[in-house]
Amino acid sequence: MLFVIGACLGSFLCCQARRLHLKTVKSKTTKHLGARSVCLSCYRQLKWYDNLPIISWLMLGGKCRHCHHRIGCAEILSELCLGLAFCCLSTTINVTTHTPMEWLAFVMVLVFTTVVGFLAIYDGLYGELPTLGLFFAIGLAVVYCIIRIIPTSALTPFSWTSITDALFSVLILGGLYLVLYLISKGKWVGDGDWLLATAIAIVLAHPWLALNALFVSNLVACVVALPQLKLKAAHQIHLGPYLVIGFVVVYVMAGPLLGLLK
């Protein structure tokens, strides 16, 4: 069920990312954008059966039914990745033992993943991170962190360690990208990458997890982007998608990773 929800959200977010970009650049094609989805090549309105996540893309071979213009891989990748992310995140909660506060935190992390998923899609498509989306992600991260810190009973007293861990997490992940941005004047990383990294660091709320997220995201970026750099030296690596992948992997594996410290 969560895979289907995630896939539907991935399809919706990819569509909204394209709409937002067209409105931002004030493209003439915005006049064709109504409430329902259209092909951005022939502007024909898509039927409901052409909007089924993953299935429609595969049935149509990644092309428009009418003009046969290639849709691209962004849509199906968004659907698959967010669907898989939701499935993986579902393993972090036990439906029989978790408290209402833990359920609230789980829902919050799904919402947070949806928001950073949108940012990853937008960055992957256009190499930019919308400022409003970044600050919204940070706000959600802070709320999530507060929910996790609040004692769930009289037997679990408040601990300052949780706050210091979160601060060190931000310094490691968000701080590193901020330093790289300032030193390179935006050439190595974008001005939004450090804000996205900060939001992720707040949710992870532990320096060890932040280090692992940094490692995973950069490892995936190297594996995926290095072949493109060899083909095209001027190719720029958009870090947003890799940061989100690193976040999901580390969040899901948080238990075993923290167990290594014991």
# chains A, B, ... in the order shown; residues from 1 in each chain; ligands from 1
call {"tool": "residues_around", "arguments": {"residues": "Val143 in chain A", "least_positions_apart": "4", "cutoff": "12 Å", "atoms": "only C-alpha atoms", "output": "JSON list (two decimals) with C-alpha atoms, in the first residue's frame"}}
result
[["chain", "number", "residue", "atom", "x", "y", "z"],
["A", 104, "LEU", "CA", 2.96, 10.79, 14.63],
["A", 105, "ALA", "CA", 6.73, 10.85, 14.10],
["A", 107, "VAL", "CA", 3.75, 10.22, 9.55],
["A", 108, "MET", "CA", 5.95, 13.30, 9.88],
["A", 109, "VAL", "CA", 8.93, 11.51, 8.32],
["A", 111, "VAL", "CA", 5.64, 14.02, 4.89],
["A", 112, "PHE", "CA", 9.26, 15.17, 5.17],
["A", 136, "PHE", "CA", 9.49, 24.30, 4.49],
["A", 137, "ALA", "CA", 11.62, 21.14, 4.72],
["A", 138, "ILE", "CA", 13.68, 22.67, 7.54],
["A", 139, "GLY", "CA", 10.49, 23.62, 9.38],
["A", 147, "ILE", "CA", 8.33, 15.23, 18.48],
["A", 148, "ARG", "CA", 11.18, 12.74, 18.84],
["A", 149, "ILE", "CA", 12.73, 14.61, 21.77],
["A", 150, "ILE", "CA", 9.51, 15.02, 23.79],
["A", 199, "ALA", "CA", 17.06, 19.71, 6.99],
["A", 202, "ILE", "CA", 17.99, 17.72, 11.78],
["A", 203, "VAL", "CA", 15.84, 14.66, 11.09]]
call {"tool": "residues_around", "arguments": {"residues": "Phe247 in chain A", "least_positions_apart": "5", "cutoff": "10 Å", "atoms": "only C-alpha atoms", "output": "list in words"}}
result
Thr113, Val116, Ala197, Ile200, Ala201, Val203, Leu204, Leu209, Ala210, Asn212, Ala213, Leu214, Val216, Ser217, Pro241, Tyr242, Val252 and Met253 of chain A
call {"tool": "select_by_dssp", "arguments": {"residues": "range 37-145 of chain A", "states": "strand (DSSP E or B)", "output": "PyMOL selection string"}}
result
chain A and resi 38+45+63+70
call {"tool": "write_last_selection", "arguments": {"atoms": "C-alpha atoms", "output": "PDB file, in the first residue's frame"}}
result
ATOM      1  CA  VAL A  38      -1.134  17.651 -20.513  1.00  0.00           C
ATOM      2  CA  GLN A  45      -4.899  16.562 -22.182  1.00  0.00           C
ATOM      3  CA  LYS A  63       6.134   8.304 -25.115  1.00  0.00           C
ATOM      4  CA  ARG A  70       9.482  10.978 -25.544  1.00  0.00           C
TER       5      ARG A  70
END
call {"tool": "residues_around", "arguments": {"residues": "Phe12 in chain A", "least_positions_apart": "6", "cutoff": "12 Å", "atoms": "only C-alpha atoms", "output": "PDB file with C-alpha atoms, in the first residue's frame"}}
result
ATOM      1  CA  ILE A   5       0.979   5.853  -2.261  1.00  0.00           C
ATOM      2  CA  GLY A   6       4.634   6.732  -2.776  1.00  0.00           C
ATOM      3  CA  ARG A  18       7.541  20.789 -14.253  1.00  0.00           C
ATOM      4  CA  ARG A  19       4.604  23.144 -13.706  1.00  0.00           C
ATOM      5  CA  ARG A  36      -5.271  18.265 -15.401  1.00  0.00           C
ATOM      6  CA  SER A  37      -2.031  16.977 -16.884  1.00  0.00           C
ATOM      7  CA  ASN A  51      -1.586   8.905 -15.595  1.00  0.00           C
ATOM      8  CA  LEU A  52      -1.268   5.573 -13.816  1.00  0.00           C
ATOM      9  CA  PRO A  53       2.095   5.552 -11.979  1.00  0.00           C
ATOM     10  CA  ALA A  74      12.166  11.504 -14.719  1.00  0.00           C
ATOM     11  CA  GLU A  75       8.540  10.451 -14.266  1.00  0.00           C
ATOM     12  CA  ILE A  76       9.078   6.724 -13.845  1.00  0.00           C
ATOM     13  CA  SER A  78      10.290   9.584  -9.430  1.00  0.00           C
ATOM     14  CA  GLU A  79       7.465   7.075  -9.079  1.00  0.00           C
ATOM     15  CA  LEU A  82       9.407   7.462  -3.869  1.00  0.00           C
ATOM     16  CA  THR A 114       7.646  13.750   0.262  1.00  0.00           C
ATOM     17  CA  VAL A 115       8.860  17.351   0.514  1.00  0.00           C
ATOM     18  CA  GLY A 117      11.510  14.132  -2.696  1.00  0.00           C
ATOM     19  CA  PHE A 118       9.974  17.076  -4.537  1.00  0.00           C
ATOM     20  CA  ILE A 121      13.049  15.859  -8.446  1.00  0.00           C
TER      21      ILE A 121
END
call {"tool": "closest_residue", "arguments": {"among": "A:Leu140, A:Met101, A:Leu77, A:Val189", "to": "Gly124 in chain A", "atoms": "only C-alpha atoms"}}
result
A:Leu77
call {"tool": "atom_distance", "arguments": {"atom1": "CA of Tyr251 in chain A", "atom2": "CA of His98 in chain A"}}
result
17.2 Å
